[in-house]
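So this one's start-v4.cif, mmCIF, C-alpha atoms and all ligand atoms:
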```
data_data
#
loop_
_atom_site.label_atom_id
_atom_site.label_comp_id
_atom_site.auth_asym_id
_atom_site.auth_seq_id
_atom_site.Cartn_x
_atom_site.Cartn_y
_atom_site.Cartn_z
CA MET A 1 15.20 90.93 -22.59
CA SER A 2 12.78 88.29 -23.88
CA THR A 3 11.60 85.58 -21.52
CA VAL A 4 13.55 82.90 -23.34
CA ASP A 5 16.75 85.00 -23.44
CA ASN A 6 16.43 85.45 -19.72
CA PHE A 7 16.17 81.66 -19.30
CA LYS A 8 19.16 81.22 -21.61
CA GLU A 9 21.33 83.58 -19.59
CA ARG A 10 20.45 81.97 -16.25
CA THR A 11 20.90 78.48 -17.67
CA GLU A 12 24.37 79.35 -19.00
CA SER A 13 25.45 80.74 -15.66
CA LEU A 14 24.06 77.90 -13.52
CA LEU A 15 24.28 74.66 -15.48
CA PHE A 16 27.02 72.72 -17.24
CA SER A 17 26.75 73.55 -20.91
CA THR A 18 26.05 70.01 -22.07
CA TYR A 19 22.82 70.69 -23.98
CA GLY A 20 21.88 72.64 -27.08
CA ARG A 21 18.43 73.83 -26.07
CA TYR A 22 15.35 74.78 -28.09
CA PRO A 23 14.30 78.45 -27.76
CA ILE A 24 11.33 77.57 -25.56
CA ALA A 25 10.93 77.76 -21.78
CA VAL A 26 8.24 75.26 -20.89
CA LYS A 27 5.86 76.13 -18.10
CA GLN A 28 3.27 73.37 -18.25
CA GLY A 29 1.90 70.55 -20.31
CA LEU A 30 -1.30 68.58 -20.69
CA GLY A 31 -1.79 65.72 -23.13
CA SER A 32 0.02 66.65 -26.35
CA ARG A 33 0.02 70.39 -25.70
CA ILE A 34 2.62 72.40 -23.84
CA HIS A 35 2.69 76.09 -22.92
CA ASP A 36 5.62 78.45 -22.56
CA TYR A 37 5.96 81.33 -20.09
CA ASP A 38 4.55 83.82 -22.60
CA GLY A 39 1.35 81.81 -22.89
CA LYS A 40 2.14 80.39 -26.34
CA GLU A 41 0.75 76.91 -26.99
CA TYR A 42 2.65 74.19 -28.83
CA ILE A 43 1.62 70.84 -30.27
CA ASP A 44 4.13 68.41 -28.84
CA LEU A 45 5.25 65.85 -31.42
CA LEU A 46 8.31 64.84 -29.43
CA ALA A 47 6.85 63.85 -26.04
CA GLY A 48 10.04 64.49 -24.09
CA ILE A 49 11.98 62.33 -26.61
CA ALA A 50 9.55 59.39 -26.54
CA VAL A 51 9.12 59.61 -22.77
CA THR A 52 5.62 60.95 -22.07
CA GLY A 53 4.06 58.19 -24.15
CA ILE A 54 0.55 58.73 -22.79
CA GLY A 55 0.83 62.52 -22.80
CA HIS A 56 1.82 65.16 -20.29
CA CYS A 57 0.29 65.07 -16.82
CA HIS A 58 -2.09 62.23 -17.61
CA PRO A 59 -4.78 62.69 -14.92
CA GLU A 60 -4.73 59.04 -13.86
CA ILE A 61 -0.93 59.08 -13.48
CA THR A 62 -1.16 62.28 -11.45
CA GLU A 63 -3.77 60.62 -9.25
CA THR A 64 -1.62 57.48 -8.85
CA LEU A 65 1.45 59.55 -7.98
CA THR A 66 -0.44 61.67 -5.49
CA ALA A 67 -1.89 58.65 -3.69
CA GLN A 68 1.41 56.72 -3.72
CA ALA A 69 3.40 59.75 -2.53
CA GLY A 70 1.34 59.77 0.64
CA LYS A 71 1.88 56.04 1.22
CA LEU A 72 5.47 55.10 0.32
CA VAL A 73 8.08 56.62 -1.99
CA HIS A 74 11.33 54.73 -1.36
CA VAL A 75 12.72 52.15 1.03
CA SER A 76 15.51 50.64 -1.15
CA ASN A 77 15.84 47.16 -2.55
CA LEU A 78 16.62 45.73 0.87
CA PHE A 79 12.85 45.26 1.27
CA TYR A 80 10.02 43.44 -0.50
CA GLN A 81 7.62 45.79 -2.24
CA GLN A 82 4.20 45.10 -3.68
CA GLU A 83 4.39 47.97 -6.23
CA GLN A 84 7.56 46.45 -7.73
CA LEU A 85 6.01 43.00 -8.06
CA GLU A 86 2.84 44.29 -9.68
CA LEU A 87 4.93 46.24 -12.19
CA ALA A 88 7.16 43.25 -12.95
CA GLN A 89 4.12 41.04 -13.49
CA SER A 90 2.49 43.52 -15.89
CA LEU A 91 5.71 44.16 -17.78
CA LEU A 92 6.65 40.49 -18.14
CA GLY A 93 3.13 39.86 -19.43
CA THR A 94 3.96 41.85 -22.57
CA ALA A 95 6.67 39.47 -23.86
CA HIS A 96 8.40 36.10 -23.55
CA PHE A 97 10.90 37.07 -20.83
CA GLY A 98 11.07 35.45 -17.41
CA LYS A 99 12.65 38.05 -15.15
CA ALA A 100 13.05 41.81 -14.71
CA PHE A 101 15.72 44.06 -13.23
CA PHE A 102 14.73 47.68 -12.67
CA CYS A 103 17.00 50.72 -12.80
CA ASN A 104 16.67 54.41 -13.61
CA SER A 105 17.56 55.09 -17.23
CA GLY A 106 18.20 53.58 -20.62
CA ALA A 107 21.97 53.71 -20.28
CA GLU A 108 21.75 51.92 -16.95
CA ALA A 109 19.52 49.26 -18.42
CA ASN A 110 22.09 48.68 -21.17
CA GLU A 111 24.92 48.60 -18.63
CA ALA A 112 22.98 45.94 -16.74
CA ALA A 113 22.52 44.01 -20.00
CA PHE A 114 26.26 44.13 -20.79
CA LYS A 115 27.14 42.99 -17.27
CA LEU A 116 24.56 40.19 -17.39
CA ALA A 117 25.78 39.02 -20.81
CA ARG A 118 29.39 38.89 -19.64
CA ARG A 119 28.62 37.23 -16.34
CA TYR A 120 26.30 34.67 -17.94
CA GLN A 121 29.00 33.70 -20.44
CA GLN A 122 31.81 33.65 -17.88
CA ARG A 123 30.08 32.08 -14.89
CA VAL A 124 27.27 29.98 -16.34
CA GLN A 125 28.79 28.95 -19.68
CA ASN A 126 32.40 29.01 -18.43
CA ARG A 127 33.42 30.85 -21.57
CA ASP A 128 36.03 33.59 -21.61
CA ALA A 129 33.70 35.82 -23.58
CA TYR A 130 33.22 39.54 -22.96
CA GLU A 131 32.96 41.35 -26.28
CA ILE A 132 29.76 43.23 -27.15
CA ILE A 133 29.05 43.84 -30.85
CA SER A 134 26.98 46.87 -31.87
CA PHE A 135 26.03 48.42 -35.22
CA GLU A 136 26.93 51.68 -36.93
CA GLY A 137 24.44 54.49 -36.37
CA CYS A 138 23.26 53.02 -33.07
CA PHE A 139 22.72 54.84 -29.81
CA HIS A 140 22.88 53.04 -26.47
CA GLY A 141 23.58 55.80 -23.93
CA ARG A 142 26.19 58.12 -22.43
CA THR A 143 27.92 56.17 -19.67
CA LEU A 144 31.42 55.01 -20.55
CA ALA A 145 30.38 51.46 -21.49
CA THR A 146 27.30 52.55 -23.44
CA VAL A 147 29.28 55.28 -25.21
CA ALA A 148 31.81 52.61 -26.14
CA ALA A 149 28.97 50.55 -27.62
CA THR A 150 27.47 53.61 -29.32
CA GLY A 151 30.84 54.09 -30.92
CA GLN A 152 30.40 57.53 -32.47
CA GLU A 153 33.35 59.91 -32.53
CA ARG A 154 31.31 62.91 -31.36
CA PHE A 155 30.13 61.07 -28.24
CA GLN A 156 33.59 59.73 -27.39
CA ASP A 157 35.62 62.91 -28.03
CA GLY A 158 37.92 63.64 -25.10
CA PHE A 159 36.90 60.62 -23.03
CA ALA A 160 39.69 58.20 -23.92
CA PRO A 161 40.44 55.50 -23.09
CA MET A 162 37.17 53.75 -23.82
CA PRO A 163 36.38 50.55 -21.89
CA GLU A 164 37.61 47.49 -23.73
CA GLY A 165 35.53 44.76 -25.26
CA PHE A 166 33.29 46.66 -27.64
CA LYS A 167 33.25 46.22 -31.37
CA GLN A 168 31.13 48.03 -33.91
CA ILE A 169 30.27 46.76 -37.38
CA ALA A 170 28.26 48.02 -40.37
CA TRP A 171 24.48 47.99 -39.97
CA GLY A 172 22.31 45.49 -41.79
CA ASP A 173 24.99 43.05 -43.00
CA ALA A 174 24.32 39.55 -41.68
CA ALA A 175 27.35 37.97 -43.36
CA LEU A 176 29.59 40.56 -41.72
CA LEU A 177 28.05 39.80 -38.32
CA GLU A 178 28.64 36.10 -38.87
CA ALA A 179 32.30 36.82 -39.70
CA SER A 180 32.76 39.25 -36.80
CA ILE A 181 31.75 36.87 -34.03
CA SER A 182 34.71 35.28 -32.26
CA PRO A 183 35.07 33.00 -29.22
CA ARG A 184 35.38 36.26 -27.20
CA THR A 185 31.95 37.54 -28.27
CA ALA A 186 29.44 37.63 -25.42
CA ALA A 187 26.52 39.49 -26.96
CA VAL A 188 25.13 41.52 -29.84
CA ILE A 189 23.06 44.64 -29.17
CA LEU A 190 20.58 45.97 -31.74
CA GLU A 191 17.91 48.66 -31.96
CA MET A 192 15.09 47.40 -34.20
CA VAL A 193 14.52 51.02 -35.19
CA GLN A 194 17.49 53.34 -34.78
CA GLY A 195 16.12 56.46 -33.11
CA GLU A 196 19.00 58.92 -32.75
CA GLY A 197 20.39 57.35 -35.93
CA GLY A 198 17.55 58.93 -37.96
CA ILE A 199 14.60 56.49 -37.69
CA ARG A 200 16.10 53.55 -39.53
CA ALA A 201 14.21 50.28 -39.11
CA VAL A 202 16.02 47.00 -39.66
CA SER A 203 14.54 44.62 -42.22
CA LYS A 204 12.68 41.59 -40.94
CA GLU A 205 15.28 39.49 -42.69
CA PHE A 206 18.18 41.15 -40.88
CA ALA A 207 16.47 40.96 -37.47
CA GLN A 208 15.83 37.26 -37.99
CA SER A 209 19.40 36.68 -39.18
CA VAL A 210 20.81 38.36 -36.06
CA ALA A 211 18.60 36.18 -33.85
CA ARG A 212 19.61 33.01 -35.69
CA ILE A 213 23.34 33.80 -35.82
CA CYS A 214 23.38 34.62 -32.10
CA LYS A 215 21.61 31.37 -31.26
CA ASP A 216 23.89 29.28 -33.48
CA ARG A 217 27.03 30.81 -32.03
CA GLY A 218 26.04 30.84 -28.36
CA VAL A 219 26.05 34.63 -28.29
CA LEU A 220 23.35 36.55 -26.41
CA PHE A 221 21.01 38.80 -28.35
CA ILE A 222 20.16 42.11 -26.63
CA ALA A 223 17.31 44.20 -28.05
CA ASP A 224 17.60 47.87 -27.10
CA GLU A 225 13.94 48.94 -26.88
CA VAL A 226 14.66 52.11 -24.90
CA GLN A 227 13.14 54.36 -27.56
CA ALA A 228 11.11 52.02 -29.80
CA GLY A 229 9.47 50.05 -27.00
CA MET A 230 6.34 50.56 -24.88
CA GLY A 231 3.98 50.29 -27.83
CA ARG A 232 5.40 53.08 -29.95
CA THR A 233 5.92 51.02 -33.12
CA GLY A 234 2.54 49.29 -32.99
CA ALA A 235 3.77 46.29 -30.98
CA TRP A 236 4.68 46.36 -27.30
CA TRP A 237 8.27 45.81 -28.36
CA ALA A 238 9.60 46.44 -31.85
CA PHE A 239 11.28 43.00 -32.05
CA GLN A 240 7.80 41.44 -31.86
CA HIS A 241 7.16 42.60 -35.45
CA PHE A 242 9.81 40.13 -36.55
CA GLY A 243 8.76 36.97 -34.72
CA ILE A 244 12.06 36.75 -32.83
CA GLU A 245 12.84 36.25 -29.13
CA PRO A 246 15.95 38.10 -27.94
CA ASP A 247 17.61 36.81 -24.75
CA ILE A 248 17.67 40.24 -23.15
CA MET A 249 15.73 43.44 -23.71
CA THR A 250 16.24 46.90 -22.30
CA THR A 251 13.69 49.66 -22.01
CA ALA A 252 13.32 53.01 -20.26
CA LYS A 253 12.05 56.19 -21.88
CA ALA A 254 8.25 55.79 -21.83
CA LEU A 255 8.13 53.25 -19.02
CA ALA A 256 6.97 55.59 -16.26
CA ASN A 257 5.68 58.43 -18.48
CA GLY A 258 8.35 60.90 -17.38
CA LEU A 259 9.59 59.57 -14.07
CA PRO A 260 13.09 58.12 -14.38
CA MET A 261 12.90 54.37 -14.77
CA GLY A 262 14.67 51.74 -16.81
CA ALA A 263 14.28 47.99 -17.01
CA MET A 264 16.20 45.00 -18.27
CA LEU A 265 14.17 41.89 -19.02
CA GLY A 266 15.78 38.53 -19.63
CA THR A 267 14.84 34.91 -20.17
CA ASN A 268 14.96 32.60 -17.15
CA GLU A 269 18.03 31.00 -18.72
CA VAL A 270 20.13 34.20 -18.92
CA ALA A 271 18.83 35.31 -15.51
CA ARG A 272 21.09 32.58 -14.08
CA GLY A 273 23.95 34.99 -14.85
CA PHE A 274 23.13 37.18 -11.86
CA VAL A 275 23.20 36.00 -8.25
CA THR A 276 22.75 37.91 -4.99
CA GLY A 277 25.24 40.78 -5.03
CA SER A 278 26.01 40.65 -8.76
CA HIS A 279 24.33 43.94 -9.57
CA ALA A 280 22.32 46.60 -7.77
CA THR A 281 20.93 50.11 -7.75
CA THR A 282 19.75 52.24 -4.82
CA PHE A 283 16.79 53.89 -6.53
CA GLY A 284 15.67 51.17 -8.95
CA ALA A 285 11.92 50.52 -8.88
CA GLY A 286 11.08 52.55 -5.83
CA ALA A 287 7.42 52.37 -4.85
CA LEU A 288 6.53 55.73 -6.44
CA VAL A 289 8.00 55.12 -9.91
CA SER A 290 6.82 51.52 -9.87
CA ALA A 291 3.24 52.54 -9.14
CA ALA A 292 3.41 55.06 -11.98
CA ALA A 293 4.87 52.59 -14.48
CA ARG A 294 2.32 49.94 -13.57
CA LYS A 295 -0.46 52.45 -14.20
CA VAL A 296 1.14 53.39 -17.55
CA LEU A 297 1.02 49.74 -18.64
CA GLU A 298 -2.58 49.47 -17.46
CA ILE A 299 -3.64 52.56 -19.42
CA ILE A 300 -1.81 51.53 -22.60
CA THR A 301 -3.51 48.12 -22.45
CA ARG A 302 -6.98 49.39 -21.53
CA ASP A 303 -7.00 52.18 -24.13
CA LYS A 304 -5.50 49.91 -26.83
CA LEU A 305 -2.73 52.41 -27.45
CA VAL A 306 -0.35 49.85 -28.97
CA GLU A 307 -2.86 49.17 -31.76
CA ARG A 308 -3.55 52.89 -32.02
CA ALA A 309 0.17 53.67 -32.44
CA GLY A 310 0.23 51.21 -35.34
CA SER A 311 -2.84 52.49 -37.15
CA LEU A 312 -2.40 56.20 -36.43
CA GLY A 313 1.28 55.94 -37.37
CA ALA A 314 0.36 54.33 -40.70
CA TRP A 315 -2.22 57.07 -41.32
CA ALA A 316 0.30 59.82 -40.47
CA MET A 317 3.01 58.37 -42.70
CA ASP A 318 0.51 58.18 -45.58
CA ARG A 319 -0.49 61.77 -44.94
CA PHE A 320 3.14 62.97 -44.85
CA ARG A 321 3.81 61.03 -48.06
CA GLN A 322 1.03 63.04 -49.72
CA VAL A 323 2.97 66.16 -48.75
CA ALA A 324 6.15 64.56 -50.08
CA GLN A 325 4.46 63.82 -53.41
CA LYS A 326 3.62 67.49 -53.81
CA LEU A 327 7.13 68.52 -52.80
CA PRO A 328 9.48 65.84 -54.12
CA HIS A 329 12.34 68.35 -54.24
CA SER A 330 12.05 68.98 -50.50
CA ILE A 331 11.25 65.58 -48.98
CA ARG A 332 13.45 62.62 -49.79
CA GLU A 333 11.62 60.00 -47.75
CA VAL A 334 8.99 59.45 -45.06
CA ARG A 335 9.78 56.37 -43.00
CA GLY A 336 9.23 54.75 -39.64
CA MET A 337 7.19 52.27 -37.67
CA GLY A 338 4.00 53.24 -35.87
CA LEU A 339 4.45 56.58 -34.14
CA MET A 340 8.20 56.61 -34.60
CA ILE A 341 8.42 58.68 -37.77
CA GLY A 342 11.25 60.29 -39.71
CA ILE A 343 10.76 62.79 -42.52
CA GLU A 344 14.05 63.06 -44.37
CA LEU A 345 14.55 66.31 -46.25
CA THR A 346 16.73 66.71 -49.31
CA PHE A 347 18.69 69.50 -47.57
CA PRO A 348 19.88 70.42 -44.03
CA GLY A 349 16.69 71.07 -42.09
CA LYS A 350 17.59 73.65 -39.43
CA LYS A 351 15.56 76.48 -41.05
CA VAL A 352 12.51 74.28 -41.61
CA TRP A 353 12.72 73.05 -38.05
CA GLU A 354 12.93 76.66 -36.77
CA ARG A 355 9.89 77.71 -38.82
CA LEU A 356 7.91 74.74 -37.47
CA ILE A 357 8.86 75.66 -33.91
CA GLU A 358 7.73 79.25 -34.57
CA ARG A 359 4.42 77.91 -35.84
CA GLY A 360 3.99 75.98 -32.61
CA PHE A 361 5.14 72.44 -33.42
CA ILE A 362 7.69 70.70 -31.23
CA LEU A 363 9.77 68.12 -32.99
CA ASN A 364 13.39 67.11 -33.26
CA LEU A 365 15.94 67.36 -36.04
CA THR A 366 18.35 64.44 -36.15
CA GLN A 367 21.18 63.56 -38.54
CA GLU A 368 20.89 67.14 -39.90
CA ARG A 369 18.11 66.30 -42.36
CA VAL A 370 15.63 64.09 -40.56
CA LEU A 371 12.60 65.63 -38.85
CA ARG A 372 11.87 63.15 -36.07
CA LEU A 373 8.39 62.70 -34.63
CA LEU A 374 7.84 60.71 -31.44
CA PRO A 375 4.41 61.89 -30.30
CA ALA A 376 2.36 60.51 -27.43
CA LEU A 377 0.48 57.36 -28.42
CA ASN A 378 -2.81 59.10 -27.60
CA ILE A 379 -2.13 62.29 -29.57
CA PRO A 380 -5.30 63.47 -31.36
CA ARG A 381 -5.19 62.73 -35.08
CA GLU A 382 -6.12 66.37 -35.76
CA ASP A 383 -2.80 67.48 -34.27
CA LEU A 384 -0.93 65.37 -36.81
CA GLU A 385 -3.15 66.79 -39.58
CA LEU A 386 -2.32 70.34 -38.44
CA PHE A 387 1.35 69.41 -38.57
CA ALA A 388 1.04 68.00 -42.10
CA GLN A 389 -0.52 71.29 -43.26
CA ALA A 390 2.14 73.38 -41.52
CA LEU A 391 4.91 71.23 -42.97
CA GLU A 392 3.56 71.70 -46.49
CA GLN A 393 3.33 75.48 -46.00
CA VAL A 394 6.80 75.80 -44.50
CA LEU A 395 8.40 73.69 -47.23
CA THR A 396 6.55 75.62 -49.93
CA GLU A 397 7.84 78.91 -48.47
CA GLN A 398 11.37 77.51 -48.33
CA ALA A 399 11.33 76.17 -51.87
C1 LIG B 401 17.73 57.33 -25.15
C2 LIG B 401 18.31 56.01 -25.48
C3 LIG B 401 19.22 55.36 -24.61
C4 LIG B 401 19.75 56.02 -23.37
O1 LIG B 401 18.75 56.27 -22.44
P1 LIG B 401 19.03 57.29 -21.23
O2 LIG B 401 17.79 57.17 -20.39
O3 LIG B 401 19.21 58.64 -21.83
O4 LIG B 401 20.24 56.83 -20.53
C5 LIG B 401 19.64 54.10 -24.96
N1 LIG B 401 19.21 53.49 -26.08
C6 LIG B 401 18.36 54.08 -26.93
C7 LIG B 401 17.91 53.35 -28.14
C8 LIG B 401 17.89 55.36 -26.68
O5 LIG B 401 17.06 55.96 -27.53
#
```
Rewritten as structure tokens:
Amino acid sequence: MSTVDNFKERTESLLFSTYGRYPIAVKQGLGSRIHDYDGKEYIDLLAGIAVTGIGHCHPEITETLTAQAGKLVHVSNLFYQQEQLELAQSLLGTAHFGKAFFCNSGAEANEAAFKLARRYQQRVQNRDAYEIISFEGCFHGRTLATVAATGQERFQDGFAPMPEGFKQIAWGDAALLEASISPRTAAVILEMVQGEGGIRAVSKEFAQSVARICKDRGVLFIADEVQAGMGRTGAWWAFQHFGIEPDIMTTAKALANGLPMGAMLGTNEVARGFVTGSHATTFGAGALVSAAARKVLEIITRDKLVERAGSLGAWAMDRFRQVAQKLPHSIREVRGMGLMIGIELTFPGKKVWERLIERGFILNLTQERVLRLLPALNIPREDLELFAQALEQVLTEQA
């Protein structure tokens, strides 16, 4: 039995079968390279689904974790902690928000945002508003409330009834949003670049319309930056490309470079919605994850990785468009923002994806036809060049 078949068999017998897994058993990683148990090396263009934003086992993060693990790991949020404050200060320094709430995942950050939006409307504004509006093609998580907001049949199948108070409307239509807001609407949640939805960026015009409509109607604007945030698009937060200031933002994936951490940031005004006891989490912002996340922010800033994501992403998209020009019958479109890149094929891409995996490139296939790249912000440019060459070869063979 091959190594990976052995892993498959043990995984099927021991774990709930919730995941379709890639045929790779990962042993170790460093930077943008990972190795399987047979010693094969891969170029990682997925970074744990936009999580290891500064690469696997970054030596300075390892050093920070090692030192912090010998000092303090967790005491709960019943205590004051320096690591948490330093992280909050760094994180708030990246945007216009006034306060942070830390949790452990993207879904939890969105749950916190929904709760804050409702409580702010009901207790601060004295409005009987609770409804959250989301957009088609979005992804906000897998808890019941976030699955209700995500609104896709395949994520809701068998889980009825869904929590009430969620409404989904077509993506990119400002007039429809205007018409869909009622006195019951508490907030609107938007990804500036839909990740799971196939790397679809909103237009500047639409982003600005959402911000303006929300403001005019007294509805809170939540930016879901769980995937697009932390510098990936060439700005700390994708909404910053559009000159808008959402009331609430959520982030998670790349925040602690692989340790579970989520955050909700809000303006000082909306922060009035939570008082002592309103919301809580046992693990949120423990000393260990906080120290790691703070170091991540320090490294991204020091190494100018936000700027790098913007320029390297532009270079990579140009390069992939050269491939597309040679193979117009295979590639429909190359799109994205910074190092959040989608290559849409003209046909279902499972075979192409398999060939690329065989050749040692890790990437994701989303929406059946979109090759999704979410590499570390410090990936060597040569690795993206190698991928461009492999993509051209694989598509030529397939044609
Ligand atoms: C991944 C993701 C989430 C959910 O994050 P989890 O950590 O898996 O709960 C929410 N929103 C967006 C945009 C995401 O990409």
What's the separation between CA of Ser180 in chain A and CA of Glu136 in chain A, in Å to one decimal place?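 CA of Ser180 in chain A sits 13.7 Å away from CA of Glu136 in chain A.
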CA of Ala293 in chain A to CA of Leu65 in chain A, straight-line distance in Å: 10.1 Å
9 Å from ligand LIG 401 (chain B) is the threshold here; counting all atoms listed in the file, which polymer residues fall inside it? Answer as an NGL selection string. :A and (49-50 or 104-110 or 138-143 or 146 or 150 or 190-196 or 224-228 or 250-253 or 260-262)
Mind dumping the selected residues with C-alpha atoms as a PDB file, in the coordinates of the input?
```pdb
ATOM      1  CA  ILE A  49      11.980  62.330 -26.610  1.00  0.00           C
ATOM      2  CA  ALA A  50       9.550  59.390 -26.540  1.00  0.00           C
ATOM      3  CA  ASN A 104      16.670  54.410 -13.610  1.00  0.00           C
ATOM      4  CA  SER A 105      17.560  55.090 -17.230  1.00  0.00           C
ATOM      5  CA  GLY A 106      18.200  53.580 -20.620  1.00  0.00           C
ATOM      6  CA  ALA A 107      21.970  53.710 -20.280  1.00  0.00           C
ATOM      7  CA  GLU A 108      21.750  51.920 -16.950  1.00  0.00           C
ATOM      8  CA  ALA A 109      19.520  49.260 -18.420  1.00  0.00           C
ATOM      9  CA  ASN A 110      22.090  48.680 -21.170  1.00  0.00           C
ATOM     10  CA  CYS A 138      23.260  53.020 -33.070  1.00  0.00           C
ATOM     11  CA  PHE A 139      22.720  54.840 -29.810  1.00  0.00           C
ATOM     12  CA  HIS A 140      22.880  53.040 -26.470  1.00  0.00           C
ATOM     13  CA  GLY A 141      23.580  55.800 -23.930  1.00  0.00           C
ATOM     14  CA  ARG A 142      26.190  58.120 -22.430  1.00  0.00           C
ATOM     15  CA  THR A 143      27.920  56.170 -19.670  1.00  0.00           C
ATOM     16  CA  THR A 146      27.300  52.550 -23.440  1.00  0.00           C
ATOM     17  CA  THR A 150      27.470  53.610 -29.320  1.00  0.00           C
ATOM     18  CA  LEU A 190      20.580  45.970 -31.740  1.00  0.00           C
ATOM     19  CA  GLU A 191      17.910  48.660 -31.960  1.00  0.00           C
ATOM     20  CA  MET A 192      15.090  47.400 -34.200  1.00  0.00           C
ATOM     21  CA  VAL A 193      14.520  51.020 -35.190  1.00  0.00           C
ATOM     22  CA  GLN A 194      17.490  53.340 -34.780  1.00  0.00           C
ATOM     23  CA  GLY A 195      16.120  56.460 -33.110  1.00  0.00           C
ATOM     24  CA  GLU A 196      19.000  58.920 -32.750  1.00  0.00           C
ATOM     25  CA  ASP A 224      17.600  47.870 -27.100  1.00  0.00           C
ATOM     26  CA  GLU A 225      13.940  48.940 -26.880  1.00  0.00           C
ATOM     27  CA  VAL A 226      14.660  52.110 -24.900  1.00  0.00           C
ATOM     28  CA  GLN A 227      13.140  54.360 -27.560  1.00  0.00           C
ATOM     29  CA  ALA A 228      11.110  52.020 -29.800  1.00  0.00           C
ATOM     30  CA  THR A 250      16.240  46.900 -22.300  1.00  0.00           C
ATOM     31  CA  THR A 251      13.690  49.660 -22.010  1.00  0.00           C
ATOM     32  CA  ALA A 252      13.320  53.010 -20.260  1.00  0.00           C
ATOM     33  CA  LYS A 253      12.050  56.190 -21.880  1.00  0.00           C
ATOM     34  CA  PRO A 260      13.090  58.120 -14.380  1.00  0.00           C
ATOM     35  CA  MET A 261      12.900  54.370 -14.770  1.00  0.00           C
ATOM     36  CA  GLY A 262      14.670  51.740 -16.810  1.00  0.00           C
TER      37      GLY A 262
END
```
Exercise: range 24-39 of chain A partners within 6 Å, all atoms listed in the file, chain neighbours under 6 positions left out, as a ChimeraX atom specification: /A:4,55-57,379
Give me, as a VMD selection string, all polymer residues having an atom no more than 8 Å from range 119-135 of chain A, counting all atoms listed in the file and skipping those fewer than 2 positions away in the same chain. chain A and resid 114 to 117 137 to 138 149 to 150 165 to 171 183 to 190 270 to 274
Give me the residues within 9 Å of range 352-359 of chain A as number ranges by chain, counting all atoms listed in the file and dropping any in the same chain fewer than 5 places off. A: 22-24, 42, 364-365, 371, 387, 390-391, 394-395, 398
Computed interatomic separation between CA of Leu345 in chain A and CA of Asn378 in chain A (Å): 26.5 Å
Of the candidates A:Ile341, A:Ala316, A:Val289, A:Ala238, which one gets nearest to Leu384 in chain A if we count all atoms listed in the file?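 Of the candidates, the smallest distance to Leu384 in chain A is held by A:Ala316.
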Considering all atoms listed in the file, can you say which of A:Met249, A:Leu288, A:Leu386, A:Leu363 comes closest to Thr94 in chain A?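 Selected residue with least distance to Thr94 in chain A: A:Met249.
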What lies within 8 Å of Arg232 in chain A using only C-alpha atoms, ignoring chain neighbours under 3 positions off, as a PyMOL selection string? chain A and resi 53+228-229+235-237+306+309-310+337-340+377
May I have the protein, DNA and RNA residues with any atom at most 7 Å from the point (21.3, 45.9, -12.5), counting only C-alpha atoms, written as an MDAnalysis selection string? chainID A and resid 101:103 112 279:281
Which one is closest to Arg381 in chain A: A:Val334, A:Leu327, A:Leu45, A:Ala113? Count all atoms listed in the file.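 Nearest candidate to Arg381 in chain A out of A:Val334, A:Leu327, A:Leu45, A:Ala113: A:Leu45.
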Could you work out an axis-aligned box for range 42-50 of chain A, taking every atom the file lists and adding 3 Å on each side, and report centre and edge lengths in Å to one decimal, as JSON?
```
{"center_x": 6.8, "center_y": 66.8, "center_z": -27.8, "size_x": 16.4, "size_y": 20.8, "size_z": 13.3}
```
Contacts of Pro328 in chain A at 12 Å (only C-alpha atoms; same-chain gap of 2+ positions) as an mmCIF file with C-alpha atoms, keeping the file's coordinate frame:
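What ended up in out.cif:
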```cif
data_model
loop_
_atom_site.group_PDB
_atom_site.id
_atom_site.type_symbol
_atom_site.label_atom_id
_atom_site.label_comp_id
_atom_site.auth_asym_id
_atom_site.auth_seq_id
_atom_site.Cartn_x
_atom_site.Cartn_y
_atom_site.Cartn_z
ATOM 1 C CA PHE A 320 3.140 62.970 -44.850
ATOM 2 C CA ARG A 321 3.810 61.030 -48.060
ATOM 3 C CA GLN A 322 1.030 63.040 -49.720
ATOM 4 C CA VAL A 323 2.970 66.160 -48.750
ATOM 5 C CA ALA A 324 6.150 64.560 -50.080
ATOM 6 C CA GLN A 325 4.460 63.820 -53.410
ATOM 7 C CA LYS A 326 3.620 67.490 -53.810
ATOM 8 C CA SER A 330 12.050 68.980 -50.500
ATOM 9 C CA ILE A 331 11.250 65.580 -48.980
ATOM 10 C CA ARG A 332 13.450 62.620 -49.790
ATOM 11 C CA GLU A 333 11.620 60.000 -47.750
ATOM 12 C CA VAL A 334 8.990 59.450 -45.060
ATOM 13 C CA GLU A 344 14.050 63.060 -44.370
ATOM 14 C CA LEU A 345 14.550 66.310 -46.250
ATOM 15 C CA THR A 346 16.730 66.710 -49.310
ATOM 16 C CA PHE A 347 18.690 69.500 -47.570
ATOM 17 C CA GLU A 392 3.560 71.700 -46.490
ATOM 18 C CA LEU A 395 8.400 73.690 -47.230
ATOM 19 C CA THR A 396 6.550 75.620 -49.930
ATOM 20 C CA ALA A 399 11.330 76.170 -51.870
#
```
